[in-house]
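Asker: The following file, run07.cif, comprises mmCIF, C-alpha atoms:
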```cif
data_protein
#
loop_
_atom_site.label_atom_id
_atom_site.label_comp_id
_atom_site.auth_asym_id
_atom_site.auth_seq_id
_atom_site.Cartn_x
_atom_site.Cartn_y
_atom_site.Cartn_z
CA MET F 22 -28.35 6.03 16.44
CA LYS F 23 -28.68 8.21 13.39
CA THR F 24 -26.71 11.15 14.63
CA MET F 25 -24.50 11.16 11.57
CA GLN F 26 -26.20 10.66 8.28
CA TYR F 27 -25.65 12.71 5.18
CA LEU F 28 -28.16 13.81 2.48
CA LYS F 29 -31.04 11.44 1.78
CA ASN F 30 -31.71 9.57 -1.45
CA VAL F 31 -28.57 10.58 -3.34
CA VAL F 32 -26.17 7.66 -3.21
CA THR F 33 -25.58 5.48 -6.28
CA LEU F 34 -25.28 2.17 -4.43
CA LYS F 35 -27.14 -0.73 -6.11
CA LEU F 36 -27.39 -4.35 -5.07
CA ASN F 37 -28.44 -7.05 -7.53
CA SER F 38 -29.94 -9.83 -5.42
CA ASP F 39 -29.92 -12.29 -8.34
CA LEU F 40 -26.13 -12.24 -8.44
CA CYS F 41 -25.66 -12.22 -4.65
CA THR F 42 -24.52 -15.47 -3.04
CA GLY F 43 -24.71 -14.20 0.51
CA CYS F 44 -20.95 -14.58 1.08
CA GLY F 45 -21.06 -11.60 3.46
CA MET F 46 -17.95 -9.82 2.24
CA CYS F 47 -19.88 -6.54 1.73
CA ALA F 48 -21.01 -6.61 5.35
CA VAL F 49 -17.39 -7.15 6.47
CA VAL F 50 -15.86 -4.26 4.54
CA CYS F 51 -18.60 -1.62 4.90
CA PRO F 52 -17.59 0.98 7.50
CA HIS F 53 -21.19 2.15 7.92
CA ALA F 54 -22.95 -1.20 8.40
CA VAL F 55 -25.13 -0.72 5.34
CA PHE F 56 -25.51 -4.46 4.70
CA GLU F 57 -26.92 -7.40 6.59
CA ILE F 58 -27.00 -11.03 5.48
CA ASN F 59 -30.38 -12.61 5.80
CA LYS F 60 -31.58 -15.93 4.36
CA GLY F 61 -28.48 -16.35 2.22
CA LYS F 62 -28.63 -12.92 0.61
CA ALA F 63 -27.24 -9.49 1.36
CA HIS F 64 -29.76 -6.75 2.10
CA ILE F 65 -29.33 -2.99 2.34
CA ILE F 66 -30.47 -1.83 5.78
CA ASP F 67 -30.44 1.93 5.21
CA ILE F 68 -29.00 3.16 1.93
CA ASN F 69 -28.65 6.69 3.31
CA ASP F 70 -25.82 5.48 5.54
CA CYS F 71 -23.71 4.76 2.45
CA MET F 72 -20.80 7.13 1.75
CA GLU F 73 -19.88 5.59 -1.61
CA CYS F 74 -16.38 4.48 -0.56
CA GLY F 75 -16.70 1.56 -2.98
CA ALA F 76 -15.27 -1.16 -0.71
CA CYS F 77 -18.31 -3.42 -1.11
CA ALA F 78 -18.40 -3.28 -4.90
CA LEU F 79 -14.64 -3.84 -5.17
CA ASN F 80 -14.77 -6.82 -2.84
CA CYS F 81 -17.86 -8.44 -4.35
CA ARG F 82 -16.44 -11.16 -6.58
CA PHE F 83 -19.88 -11.83 -8.04
CA ASP F 84 -20.33 -8.25 -9.29
CA ALA F 85 -23.63 -7.97 -7.44
CA ILE F 86 -22.89 -4.46 -6.18
CA THR F 87 -22.32 -1.27 -8.14
CA VAL F 88 -21.62 2.18 -6.79
CA LYS F 89 -20.08 5.29 -8.28
CA SER F 90 -17.38 5.71 -5.69
CA GLY F 91 -15.23 8.72 -5.02
CA VAL F 92 -14.18 11.24 -2.43
CA GLY F 93 -17.04 13.14 -0.81
CA CYS F 94 -14.87 16.21 -0.43
CA ALA F 95 -15.91 19.72 -1.45
CA ALA F 96 -12.32 20.91 -1.94
CA GLY F 97 -11.66 17.89 -4.14
CA ILE F 98 -14.72 18.61 -6.26
CA LEU F 99 -13.72 22.27 -6.57
CA ASN F 100 -10.22 21.12 -7.62
CA GLY F 101 -11.82 18.92 -10.26
CA ILE F 102 -13.99 21.75 -11.61
CA LEU F 103 -11.09 24.21 -11.70
CA ASN F 104 -8.72 21.75 -13.39
CA GLY F 105 -11.37 20.20 -15.63
CA THR F 106 -10.82 16.72 -14.17
CA GLU F 107 -12.63 14.23 -11.98
CA PRO F 108 -12.92 15.22 -8.31
CA SER F 109 -9.47 14.83 -6.80
CA CYS F 110 -8.04 15.63 -3.41
CA ASP F 111 -4.56 15.66 -4.84
CA CYS F 112 -2.76 14.49 -1.73
CA SER F 113 0.44 14.25 -3.76
CA GLY F 114 1.68 17.47 -2.25
CA GLU F 115 1.48 20.00 -5.06
CA SER F 116 -1.70 21.61 -3.91
CA GLU F 117 -1.71 23.60 -0.74
CA LYS F 118 -4.48 21.57 0.77
CA SER F 119 -4.37 17.84 0.61
CA CYS F 120 -7.77 17.21 1.96
CA CYS F 121 -7.25 13.86 3.57
CA MET Y 28 9.82 -6.28 25.12
CA ALA Y 29 11.21 -5.27 21.77
CA THR Y 30 14.37 -3.23 21.45
CA LEU Y 31 13.89 0.46 20.97
CA VAL Y 32 14.90 1.56 17.53
CA ASN Y 33 14.51 4.89 15.82
CA VAL Y 34 12.06 4.00 13.07
CA GLN Y 35 12.92 6.83 10.74
CA SER Y 36 16.54 5.64 10.37
CA LEU Y 37 15.55 2.09 9.52
CA ARG Y 38 15.88 0.53 6.12
CA PRO Y 39 14.11 -2.78 5.90
CA VAL Y 40 15.92 -5.48 3.95
CA SER Y 41 14.84 -9.01 3.38
CA VAL Y 42 18.00 -10.52 4.93
CA THR Y 43 17.85 -8.84 8.32
CA THR Y 44 14.36 -7.61 9.02
CA PRO Y 45 14.43 -4.60 11.34
CA THR Y 46 12.60 -4.67 14.62
CA VAL Y 47 10.40 -1.84 15.80
CA SER Y 48 9.11 -1.19 19.24
CA SER Y 49 5.45 -1.12 20.15
CA GLU Y 50 6.24 1.83 22.38
CA LEU Y 51 6.19 5.35 21.04
CA GLU Y 52 8.98 7.72 21.97
CA LEU Y 53 8.76 11.44 22.64
CA SER Y 54 9.97 12.19 19.09
CA ASP Y 55 7.05 10.15 17.71
CA LEU Y 56 4.56 12.14 19.75
CA LEU Y 57 6.10 15.47 18.76
CA GLY Y 58 6.09 14.34 15.14
CA ALA Y 59 2.39 13.50 15.39
CA LEU Y 60 1.64 16.90 16.90
CA LYS Y 61 3.46 18.67 14.06
CA VAL Y 62 1.55 16.71 11.43
CA ARG Y 63 -1.76 17.53 13.11
CA LEU Y 64 -0.81 21.20 12.91
CA GLY Y 65 -0.18 20.75 9.21
CA ILE Y 66 3.60 21.17 9.38
CA ASN Y 67 5.28 19.12 6.62
CA ARG Y 68 2.45 16.60 6.83
CA ASN Y 69 2.89 15.38 3.28
CA ASN Y 70 6.37 14.17 4.09
CA TYR Y 71 5.88 12.08 7.23
CA THR Y 72 6.83 8.66 6.01
CA VAL Y 73 8.31 5.32 7.00
CA THR Y 74 10.50 3.29 4.63
CA PRO Y 75 8.27 0.59 3.11
CA GLY Y 76 9.12 -3.06 3.74
CA LEU Y 77 8.84 -5.80 6.32
CA TYR Y 78 9.34 -5.08 10.04
CA LYS Y 79 9.36 -7.28 13.13
CA VAL Y 80 7.39 -6.45 16.24
CA GLY Y 81 8.48 -8.61 19.17
CA LYS Y 82 9.87 -11.97 18.05
CA PRO Y 83 7.72 -13.23 15.21
CA ASP Y 84 8.26 -16.64 13.62
CA SER Y 85 6.92 -18.48 10.58
CA GLN Y 86 3.52 -18.91 12.22
CA SER Y 87 3.08 -15.29 13.28
CA ASP Y 88 0.49 -12.98 11.78
CA VAL Y 89 1.36 -10.42 9.14
CA LEU Y 90 -0.22 -6.97 9.55
CA VAL Y 91 -0.20 -4.56 6.63
CA SER Y 92 0.12 -0.81 7.13
CA ALA Y 93 0.49 2.35 5.08
CA ASN Y 94 3.83 4.15 5.15
CA TYR Y 95 2.32 7.29 6.64
CA LYS Y 96 4.16 7.44 9.94
CA LEU Y 97 1.04 8.36 11.87
CA SER Y 98 -0.71 5.19 10.60
CA PHE Y 99 2.40 3.11 11.28
CA ASP Y 100 2.78 4.48 14.82
CA VAL Y 101 -0.88 3.99 15.72
CA LEU Y 102 -0.65 0.36 14.63
CA ARG Y 103 2.62 -0.53 16.39
CA LYS Y 104 1.51 1.23 19.56
CA ASN Y 105 -1.33 -1.27 19.75
CA LEU Y 106 0.86 -4.33 19.26
CA ASP Y 107 2.55 -4.55 22.66
CA SER Y 108 3.09 -8.12 23.84
CA LEU Y 109 2.31 -9.44 20.35
CA ASN Y 110 4.86 -11.11 18.09
CA VAL Y 111 3.91 -10.16 14.56
CA TRP Y 112 5.27 -9.09 11.21
CA MET Y 113 4.43 -5.64 9.91
CA LEU Y 114 4.40 -5.20 6.16
CA VAL Y 115 4.57 -1.49 5.39
CA ILE Y 116 3.53 -0.73 1.86
CA ASP Y 117 4.40 2.39 -0.08
CA THR Y 118 1.32 4.64 -0.05
CA LYS Y 119 3.43 7.75 -0.68
CA GLY Y 120 3.04 8.77 2.93
CA VAL Y 121 -0.75 8.90 2.77
CA ASN Y 122 -2.97 7.30 5.41
CA VAL Y 123 -4.77 4.00 4.83
CA TRP Y 124 -8.25 5.23 3.93
CA CYS Y 125 -7.26 8.08 1.64
CA ALA Y 126 -4.58 5.96 -0.04
CA ALA Y 127 -7.16 3.22 -0.61
CA GLY Y 128 -9.57 5.73 -2.14
CA LYS Y 129 -6.89 6.95 -4.52
CA GLY Y 130 -5.58 3.51 -5.39
CA ASN Y 131 -2.16 3.80 -3.72
CA PHE Y 132 -3.24 1.31 -1.08
CA GLY Y 133 -4.61 -0.93 -3.80
CA THR Y 134 -4.66 -4.55 -4.90
CA ASP Y 135 -1.61 -4.21 -7.15
CA ASN Y 136 0.47 -2.51 -4.48
CA VAL Y 137 -0.38 -5.16 -1.88
CA VAL Y 138 0.45 -7.96 -4.35
CA ARG Y 139 3.74 -6.29 -5.27
CA SER Y 140 4.68 -5.73 -1.63
CA ILE Y 141 3.97 -9.35 -0.69
CA LYS Y 142 6.21 -10.54 -3.51
CA LYS Y 143 8.95 -8.02 -2.83
CA ALA Y 144 9.14 -9.05 0.83
CA SER Y 145 9.21 -12.75 -0.20
CA LEU Y 146 6.49 -13.30 2.34
CA GLU Y 147 5.91 -16.88 1.18
CA HIS Y 148 9.40 -17.78 2.50
CA ILE Y 149 9.03 -15.90 5.75
CA VAL Y 150 5.75 -17.34 6.98
CA LYS Y 151 4.35 -20.85 6.53
CA HIS Y 152 0.69 -19.82 6.72
CA ARG Y 153 -1.06 -17.98 3.91
CA ARG Y 154 -3.01 -15.14 5.53
CA ILE Y 155 -2.42 -11.43 5.92
CA ILE Y 156 -4.38 -8.92 7.96
CA LEU Y 157 -5.26 -5.62 6.30
CA PRO Y 158 -6.98 -2.66 7.91
CA GLN Y 159 -10.67 -2.69 7.04
CA LEU Y 160 -10.49 0.82 5.61
CA SER Y 161 -8.13 -0.40 2.88
CA ALA Y 162 -11.03 -2.39 1.40
CA SER Y 163 -12.04 0.49 -0.85
CA GLY Y 164 -8.70 -0.05 -2.64
CA VAL Y 165 -7.97 -3.74 -2.14
CA ALA Y 166 -10.01 -6.56 -3.62
CA ALA Y 167 -9.36 -9.45 -1.23
CA HIS Y 168 -10.20 -12.17 -3.76
CA LYS Y 169 -7.77 -10.73 -6.32
CA VAL Y 170 -4.89 -10.68 -3.81
CA LYS Y 171 -5.65 -14.36 -3.09
CA GLU Y 172 -5.65 -15.21 -6.79
CA GLN Y 173 -2.35 -13.48 -7.43
CA THR Y 174 -0.35 -14.37 -4.32
CA GLY Y 175 -2.08 -17.27 -2.56
CA PHE Y 176 -2.45 -15.12 0.55
CA LYS Y 177 -5.92 -14.82 2.01
CA VAL Y 178 -6.74 -11.26 2.99
CA ILE Y 179 -8.40 -10.88 6.36
CA PHE Y 180 -9.84 -7.43 6.91
CA GLY Y 181 -9.09 -6.41 10.48
CA PRO Y 182 -10.97 -3.82 12.51
CA VAL Y 183 -11.33 -0.15 11.50
CA GLN Y 184 -9.37 1.03 14.54
CA ALA Y 185 -5.89 -0.28 15.34
CA ARG Y 186 -6.77 -0.27 19.04
CA ASP Y 187 -9.07 -3.27 18.41
CA ILE Y 188 -6.44 -5.36 16.65
CA LYS Y 189 -5.47 -7.42 19.70
CA SER Y 190 -9.03 -8.35 20.59
CA PHE Y 191 -9.64 -9.11 16.93
CA ILE Y 192 -6.72 -11.56 16.75
CA GLU Y 193 -7.54 -13.10 20.13
CA ALA Y 194 -11.14 -13.67 19.03
CA GLY Y 195 -9.89 -15.75 16.10
CA TYR Y 196 -9.97 -12.92 13.52
CA LYS Y 197 -13.51 -11.97 14.40
CA ALA Y 198 -14.64 -8.37 14.67
CA THR Y 199 -17.62 -7.20 16.65
CA PRO Y 200 -20.09 -5.03 14.67
CA GLU Y 201 -18.74 -2.01 16.53
CA MET Y 202 -15.18 -2.74 15.36
CA ARG Y 203 -16.36 -2.63 11.76
CA LYS Y 204 -17.87 0.84 11.99
CA ILE Y 205 -16.15 4.16 11.52
CA ALA Y 206 -17.21 6.61 14.18
CA PHE Y 207 -16.57 10.34 14.07
CA PRO Y 208 -16.67 11.54 17.68
CA MET Y 209 -15.94 15.08 18.75
CA VAL Y 210 -12.33 14.35 19.74
CA GLU Y 211 -11.60 12.95 16.25
CA ARG Y 212 -13.23 15.97 14.62
CA ALA Y 213 -11.18 18.28 16.85
CA LYS Y 214 -7.92 16.66 15.67
CA LEU Y 215 -8.75 17.59 12.07
CA ILE Y 216 -9.59 21.23 12.74
CA PRO Y 217 -6.04 22.73 12.65
CA VAL Y 218 -5.28 21.53 9.11
CA ASP Y 219 -8.70 22.64 7.86
CA PHE Y 220 -8.26 25.94 9.65
CA MET Y 221 -5.25 26.73 7.48
CA TYR Y 222 -7.06 25.75 4.28
CA ALA Y 223 -8.47 29.16 3.32
CA ILE Y 224 -6.30 31.41 5.46
CA TYR Y 225 -5.06 33.46 2.49
CA LYS Y 226 -8.59 33.97 1.22
CA LEU Y 227 -9.48 35.14 4.72
CA LEU Y 228 -6.63 37.67 4.76
CA LEU Y 229 -7.70 38.95 1.36
CA ILE Y 230 -11.28 39.50 2.51
CA LEU Y 231 -10.05 41.17 5.71
CA CYS Y 232 -7.90 43.58 3.68
CA GLY Y 233 -10.86 44.35 1.42
CA PHE Y 234 -13.21 45.18 4.27
CA PHE Y 235 -10.50 47.15 6.08
CA ILE Y 236 -10.24 49.44 3.05
CA PHE Y 237 -14.03 49.56 2.35
CA SER Y 238 -14.51 50.74 5.94
CA GLY Y 239 -12.96 54.09 5.00
CA LEU Y 240 -15.39 54.78 2.13
CA ASP Y 241 -17.52 57.86 2.59
CA LYS Y 242 -19.84 60.00 0.47
CA THR Y 243 -17.05 62.59 0.51
CA GLY Y 244 -14.57 60.05 -0.81
CA PHE Y 245 -12.19 58.12 1.42
CA LEU Y 246 -11.52 58.96 5.06
CA PHE Y 247 -8.53 57.35 6.72
CA ALA Y 248 -9.80 58.19 10.21
CA LYS Y 249 -13.20 56.61 9.43
CA MET Y 250 -11.45 53.46 8.24
CA LEU Y 251 -9.60 53.05 11.55
CA GLU Y 252 -12.67 53.98 13.55
CA THR Y 253 -15.19 51.64 11.92
CA CYS Y 254 -13.14 48.70 10.63
CA LEU Y 255 -13.39 46.74 13.86
CA TYR Y 256 -16.99 45.56 13.39
CA PRO Y 257 -16.53 43.93 9.96
CA LEU Y 258 -13.13 42.50 10.85
CA ILE Y 259 -14.31 40.89 14.09
CA ASN Y 260 -17.29 39.43 12.26
CA ILE Y 261 -15.28 38.02 9.39
CA VAL Y 262 -12.66 36.38 11.63
CA GLY Y 263 -15.50 35.12 13.80
CA ALA Y 264 -17.36 33.64 10.83
CA TYR Y 265 -14.22 31.82 9.70
CA ILE Y 266 -13.76 30.39 13.18
CA VAL Y 267 -17.38 29.32 13.75
CA GLY Y 268 -17.45 27.75 10.28
CA ILE Y 269 -14.48 25.50 10.87
CA VAL Y 270 -14.36 25.13 14.67
CA VAL Y 271 -17.83 25.50 16.16
CA ALA Y 272 -19.78 23.95 13.29
CA THR Y 273 -17.48 20.92 13.12
CA LEU Y 274 -17.21 20.36 16.87
CA PHE Y 275 -21.01 20.43 17.11
CA LEU Y 276 -21.51 18.75 13.73
CA PRO Y 277 -24.42 16.42 14.62
CA TRP Y 278 -26.09 18.97 16.89
CA VAL Y 279 -27.41 21.15 14.08
CA PRO Y 280 -30.23 19.25 12.42
CA PHE Y 281 -29.53 20.23 8.79
CA ARG Y 282 -27.87 17.46 6.79
CA ALA Y 283 -26.03 19.67 4.28
CA PHE Y 284 -22.74 20.92 5.70
CA ALA Y 285 -23.14 24.29 3.94
CA LEU Y 286 -26.38 24.81 5.88
CA LYS Y 287 -24.80 23.83 9.18
CA GLY Y 288 -22.15 26.48 8.55
CA ALA Y 289 -24.68 29.08 7.42
CA PHE Y 290 -26.61 28.47 10.64
CA TRP Y 291 -23.58 29.28 12.80
CA GLY Y 292 -22.74 32.29 10.62
CA LEU Y 293 -26.25 33.62 11.32
CA VAL Y 294 -25.98 32.93 15.06
CA LEU Y 295 -22.67 34.80 15.20
CA THR Y 296 -24.14 37.73 13.26
CA ILE Y 297 -27.09 38.08 15.62
CA LEU Y 298 -24.89 37.86 18.73
CA LEU Y 299 -22.44 40.48 17.50
CA TYR Y 300 -25.18 42.75 16.18
CA PHE Y 301 -26.68 42.99 19.66
CA LEU Y 302 -23.28 43.36 21.32
CA ILE Y 303 -21.93 46.09 19.07
CA GLU Y 304 -24.12 48.91 17.86
CA VAL Y 305 -23.97 49.51 14.11
CA PRO Y 306 -26.38 50.83 11.45
CA TYR Y 307 -28.79 48.06 10.46
CA MET Y 308 -27.72 48.13 6.80
CA GLU Y 309 -24.12 47.44 7.80
CA GLY Y 310 -25.35 44.71 10.13
CA ILE Y 311 -27.25 43.01 7.32
CA SER Y 312 -24.41 43.30 4.84
CA ILE Y 313 -21.90 41.80 7.29
CA GLY Y 314 -24.42 39.10 8.15
CA LEU Y 315 -24.50 38.00 4.51
CA VAL Y 316 -20.70 37.91 4.42
CA ASN Y 317 -20.62 35.88 7.65
CA ILE Y 318 -23.10 33.35 6.30
CA SER Y 319 -21.10 33.00 3.10
CA ILE Y 320 -17.78 32.43 4.88
CA ALA Y 321 -19.07 30.08 7.59
CA SER Y 322 -21.06 28.09 5.03
CA PHE Y 323 -18.01 27.69 2.78
CA MET Y 324 -15.72 26.61 5.62
CA THR Y 325 -18.10 23.98 6.96
CA MET Y 326 -18.81 22.70 3.45
CA ASN Y 327 -15.09 22.07 3.08
CA PHE Y 328 -15.14 19.89 6.15
CA THR Y 329 -16.95 17.25 4.05
CA GLY Y 330 -13.45 16.24 2.93
CA SER Y 331 -12.44 15.47 6.49
CA SER Y 332 -15.68 13.86 7.57
CA THR Y 333 -16.08 10.10 7.52
CA TYR Y 334 -19.62 9.86 6.21
CA THR Y 335 -20.19 12.18 3.24
CA SER Y 336 -20.69 10.64 -0.19
CA LEU Y 337 -19.43 12.05 -3.47
CA SER Y 338 -22.96 12.21 -4.91
CA GLY Y 339 -24.17 14.03 -1.82
CA VAL Y 340 -21.41 16.62 -1.80
CA GLN Y 341 -21.93 17.25 -5.51
CA LYS Y 342 -25.64 17.75 -4.93
CA GLU Y 343 -25.00 20.07 -2.00
CA MET Y 344 -22.45 22.16 -3.91
CA LYS Y 345 -24.83 22.74 -6.82
CA TRP Y 346 -26.80 25.17 -4.71
CA ALA Y 347 -24.30 25.95 -1.96
CA VAL Y 348 -21.55 27.47 -4.08
CA PRO Y 349 -23.89 29.89 -5.95
CA PHE Y 350 -25.51 30.67 -2.58
CA GLN Y 351 -22.13 31.46 -0.99
CA ILE Y 352 -20.97 33.57 -3.93
CA GLY Y 353 -24.33 35.40 -3.98
CA CYS Y 354 -24.26 36.16 -0.24
CA MET Y 355 -20.69 37.40 -0.47
CA ALA Y 356 -21.36 39.62 -3.50
CA LEU Y 357 -24.56 41.06 -2.04
CA GLY Y 358 -22.85 41.57 1.32
CA ILE Y 359 -19.98 43.52 -0.24
CA ILE Y 360 -22.34 45.70 -2.33
CA LEU Y 361 -24.59 46.48 0.65
CA PHE Y 362 -21.59 47.21 2.84
CA ILE Y 363 -20.19 49.70 0.34
CA ILE Y 364 -23.62 51.32 -0.07
CA SER Y 365 -23.99 51.57 3.72
CA LYS Y 366 -20.73 53.52 3.80
CA LEU Y 367 -21.69 55.89 0.97
CA VAL Y 368 -25.13 56.94 2.20
#
```
Take the structure in this file and express it as structure tokens.

Answerer:
Amino acid sequence: MKTMQYLKNVVTLKLNSDLCTGCGMCAVVCPHAVFEINKGKAHIIDINDCMECGACALNCRFDAITVKSGVGCAAGILNGILNGTEPSCDCSGESEKSCC
Amino acid sequence: MATLVNVQSLRPVSVTTPTVSSELELSDLLGALKVRLGINRNNYTVTPGLYKVGKPDSQSDVLVSANYKLSFDVLRKNLDSLNVWMLVIDTKGVNVWCAAGKGNFGTDNVVRSIKKASLEHIVKHRRIILPQLSASGVAAHKVKEQTGFKVIFGPVQARDIKSFIEAGYKATPEMRKIAFPMVERAKLIPVDFMYAIYKLLLILCGFFIFSGLDKTGFLFAKMLETCLYPLINIVGAYIVGIVVATLFLPWVPFRAFALKGAFWGLVLTILLYFLIEVPYMEGISIGLVNISIASFMTMNFTGSSTYTSLSGVQKEMKWAVPFQIGCMALGIILFIISKLV
């Protein structure tokens, strides 16, 4: 069921099949079931399900996956713009809102 | 059954590992309620270190948790009748997923915590179970390289941990997915509700005063007489933006959160316009303000949602923030004009 999918065709997830060994780690760690392993290789089922958490890229020891990961959080992005930094939720307690 | 111990007073040491119960006490439940309401939620922690649940031995599993007490409690609650070790790592009191995203629940921290607890002397096997949502911070193969422990990513939800272990560390596809049902969304509303409360009060004050504007100057009696319509609308827009839009998140077909919010702001405007009779110019001006506020509040819920990507939110904000500022500015100007003519 596709009741919860965010904007289409924006995510930065990329899979390089040449480097993939089909170990399946990406399919294990992905919380949105973006990957399936088929004929010894990982495949992206629906890229629009990706939320760029970065778990797959971090846990791919063959560097077959890249994604610009970060927090998909409007308050964090606003924080970043106002402070001139990267998007940051700043959960450390200084800001009034720690967004997650 | 494990002995009941007050978790907050415990200090784990490697010589005598403290035992925690898998049963939550009333104080745990009250603590959880307070955190959900946003009271002192950045300071709800458990002392990091190794804990026993039941009577674990050298063959028992090791489960890793964040030191946010809510995370810790949810895990131990689901461990009844199990004999396991719980390794609580210092995530500065932040939950698993957010700490992983920020790097506090990261490879280095897990490696350090394993070494600090001397885990290699406590268990004979070489495997540890981490929550799946820590995978955005922890590279399993690097933990193996640096400690010899094989990381097994458990299910997303702690309630599945028993079935996961019983199935031989196998998760069903459903256990691997993060859902975001209405009840989970509802739990996040109180904290988000407080997010812009001062901005809300500021806007309310502004419109309270603008209500008294008149072509003859400023009329105190007019302010009291006509302030109700804008104030009800503005409070309403804030509430629909963060409560109604988020509860019914998948029901509105737009993908952008700012549009979902704007939709509810418009619905509210139309309802109130037909309920309360006001000049159409005032109705339109307040409608723009409503759309701006509701859109902004729902857009902010992207931070609480479990499926929005950074690229997507950035793309959405590129038009949504100018749109919200524009609606608000135009709304204020039209409202003032409607009072002066």

Asker: Just need the residues of chain Y within 9 Å of chain F, counting only C-alpha atoms, so spit them out as an mmCIF file with C-alpha atoms, in the coordinates of the input.

Answerer:
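The file below, out13.cif, is the result:
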```cif
data_model
loop_
_atom_site.group_PDB
_atom_site.id
_atom_site.type_symbol
_atom_site.label_atom_id
_atom_site.label_comp_id
_atom_site.auth_asym_id
_atom_site.auth_seq_id
_atom_site.Cartn_x
_atom_site.Cartn_y
_atom_site.Cartn_z
ATOM 1 C CA ASN Y 69 2.890 15.380 3.280
ATOM 2 C CA ASN Y 70 6.370 14.170 4.090
ATOM 3 C CA LYS Y 119 3.430 7.750 -0.680
ATOM 4 C CA VAL Y 121 -0.750 8.900 2.770
ATOM 5 C CA ASN Y 122 -2.970 7.300 5.410
ATOM 6 C CA TRP Y 124 -8.250 5.230 3.930
ATOM 7 C CA CYS Y 125 -7.260 8.080 1.640
ATOM 8 C CA ALA Y 126 -4.580 5.960 -0.040
ATOM 9 C CA GLY Y 128 -9.570 5.730 -2.140
ATOM 10 C CA LYS Y 129 -6.890 6.950 -4.520
ATOM 11 C CA GLN Y 159 -10.670 -2.690 7.040
ATOM 12 C CA LEU Y 160 -10.490 0.820 5.610
ATOM 13 C CA SER Y 161 -8.130 -0.400 2.880
ATOM 14 C CA ALA Y 162 -11.030 -2.390 1.400
ATOM 15 C CA SER Y 163 -12.040 0.490 -0.850
ATOM 16 C CA GLY Y 164 -8.700 -0.050 -2.640
ATOM 17 C CA VAL Y 165 -7.970 -3.740 -2.140
ATOM 18 C CA ALA Y 166 -10.010 -6.560 -3.620
ATOM 19 C CA ALA Y 167 -9.360 -9.450 -1.230
ATOM 20 C CA HIS Y 168 -10.200 -12.170 -3.760
ATOM 21 C CA LYS Y 169 -7.770 -10.730 -6.320
ATOM 22 C CA PHE Y 180 -9.840 -7.430 6.910
ATOM 23 C CA VAL Y 183 -11.330 -0.150 11.500
ATOM 24 C CA ALA Y 198 -14.640 -8.370 14.670
ATOM 25 C CA PRO Y 200 -20.090 -5.030 14.670
ATOM 26 C CA ARG Y 203 -16.360 -2.630 11.760
ATOM 27 C CA LYS Y 204 -17.870 0.840 11.990
ATOM 28 C CA ILE Y 205 -16.150 4.160 11.520
ATOM 29 C CA ALA Y 206 -17.210 6.610 14.180
ATOM 30 C CA PHE Y 207 -16.570 10.340 14.070
ATOM 31 C CA VAL Y 218 -5.280 21.530 9.110
ATOM 32 C CA ASP Y 219 -8.700 22.640 7.860
ATOM 33 C CA MET Y 221 -5.250 26.730 7.480
ATOM 34 C CA TYR Y 222 -7.060 25.750 4.280
ATOM 35 C CA ALA Y 223 -8.470 29.160 3.320
ATOM 36 C CA LEU Y 276 -21.510 18.750 13.730
ATOM 37 C CA PRO Y 277 -24.420 16.420 14.620
ATOM 38 C CA TRP Y 278 -26.090 18.970 16.890
ATOM 39 C CA ARG Y 282 -27.870 17.460 6.790
ATOM 40 C CA ALA Y 283 -26.030 19.670 4.280
ATOM 41 C CA PHE Y 284 -22.740 20.920 5.700
ATOM 42 C CA MET Y 326 -18.810 22.700 3.450
ATOM 43 C CA ASN Y 327 -15.090 22.070 3.080
ATOM 44 C CA PHE Y 328 -15.140 19.890 6.150
ATOM 45 C CA THR Y 329 -16.950 17.250 4.050
ATOM 46 C CA GLY Y 330 -13.450 16.240 2.930
ATOM 47 C CA SER Y 331 -12.440 15.470 6.490
ATOM 48 C CA SER Y 332 -15.680 13.860 7.570
ATOM 49 C CA THR Y 333 -16.080 10.100 7.520
ATOM 50 C CA TYR Y 334 -19.620 9.860 6.210
ATOM 51 C CA THR Y 335 -20.190 12.180 3.240
ATOM 52 C CA SER Y 336 -20.690 10.640 -0.190
ATOM 53 C CA LEU Y 337 -19.430 12.050 -3.470
ATOM 54 C CA SER Y 338 -22.960 12.210 -4.910
ATOM 55 C CA GLY Y 339 -24.170 14.030 -1.820
ATOM 56 C CA VAL Y 340 -21.410 16.620 -1.800
ATOM 57 C CA GLN Y 341 -21.930 17.250 -5.510
ATOM 58 C CA LYS Y 342 -25.640 17.750 -4.930
ATOM 59 C CA GLU Y 343 -25.000 20.070 -2.000
ATOM 60 C CA MET Y 344 -22.450 22.160 -3.910
#
```

Asker: Report as AutoDock Vina command-line options the centre and the edge lengths, in Å to one decimal, of the axis-aligned box holding every listed atom of range 54-61 of chain F, padded by 5 Å on each side.

Answerer:
```
--center_x -27.3 --center_y -8.5 --center_z 5.3 --size_x 18.6 --size_y 25.6 --size_z 16.2
```

Asker: Would you mind telling me which residue in Y:Ile155, Y:Met355, Y:Leu77, Y:Val316 lies nearest to Asp117 in chain Y when using all atoms listed in the file?

Answerer: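 Comparing Y:Ile155, Y:Met355, Y:Leu77, Y:Val316 against Asp117 in chain Y, the winner is Y:Leu77.
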
Asker: Have a look at CA of Lys197 in chain Y and CA of Val101 in chain Y and let me know their distance in Å, one decimal.

Answerer: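 Computing the Euclidean distance for CA of Lys197 in chain Y and CA of Val101 in chain Y yields 20.4 Å.
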
Asker: With a distance cut-off of 12 Å and all atoms listed in the file, select the neighbouring residues of Thr42 in chain F, excluding the residue or stretch itself and same-chain residues fewer than 2 positions from it, and output the selection as a list in words.

Answerer: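 Near neighbours after the sequence-gap exclusion: Leu36, Asn37, Ser38, Asp39, Leu40, Cys44, Gly45, Met46, Cys47, Ile58, Asn59, Lys60, Gly61, Lys62, Ala63, His64, Cys81, Arg82, Phe83, Asp84, Ala85 and Ile86 of chain F.
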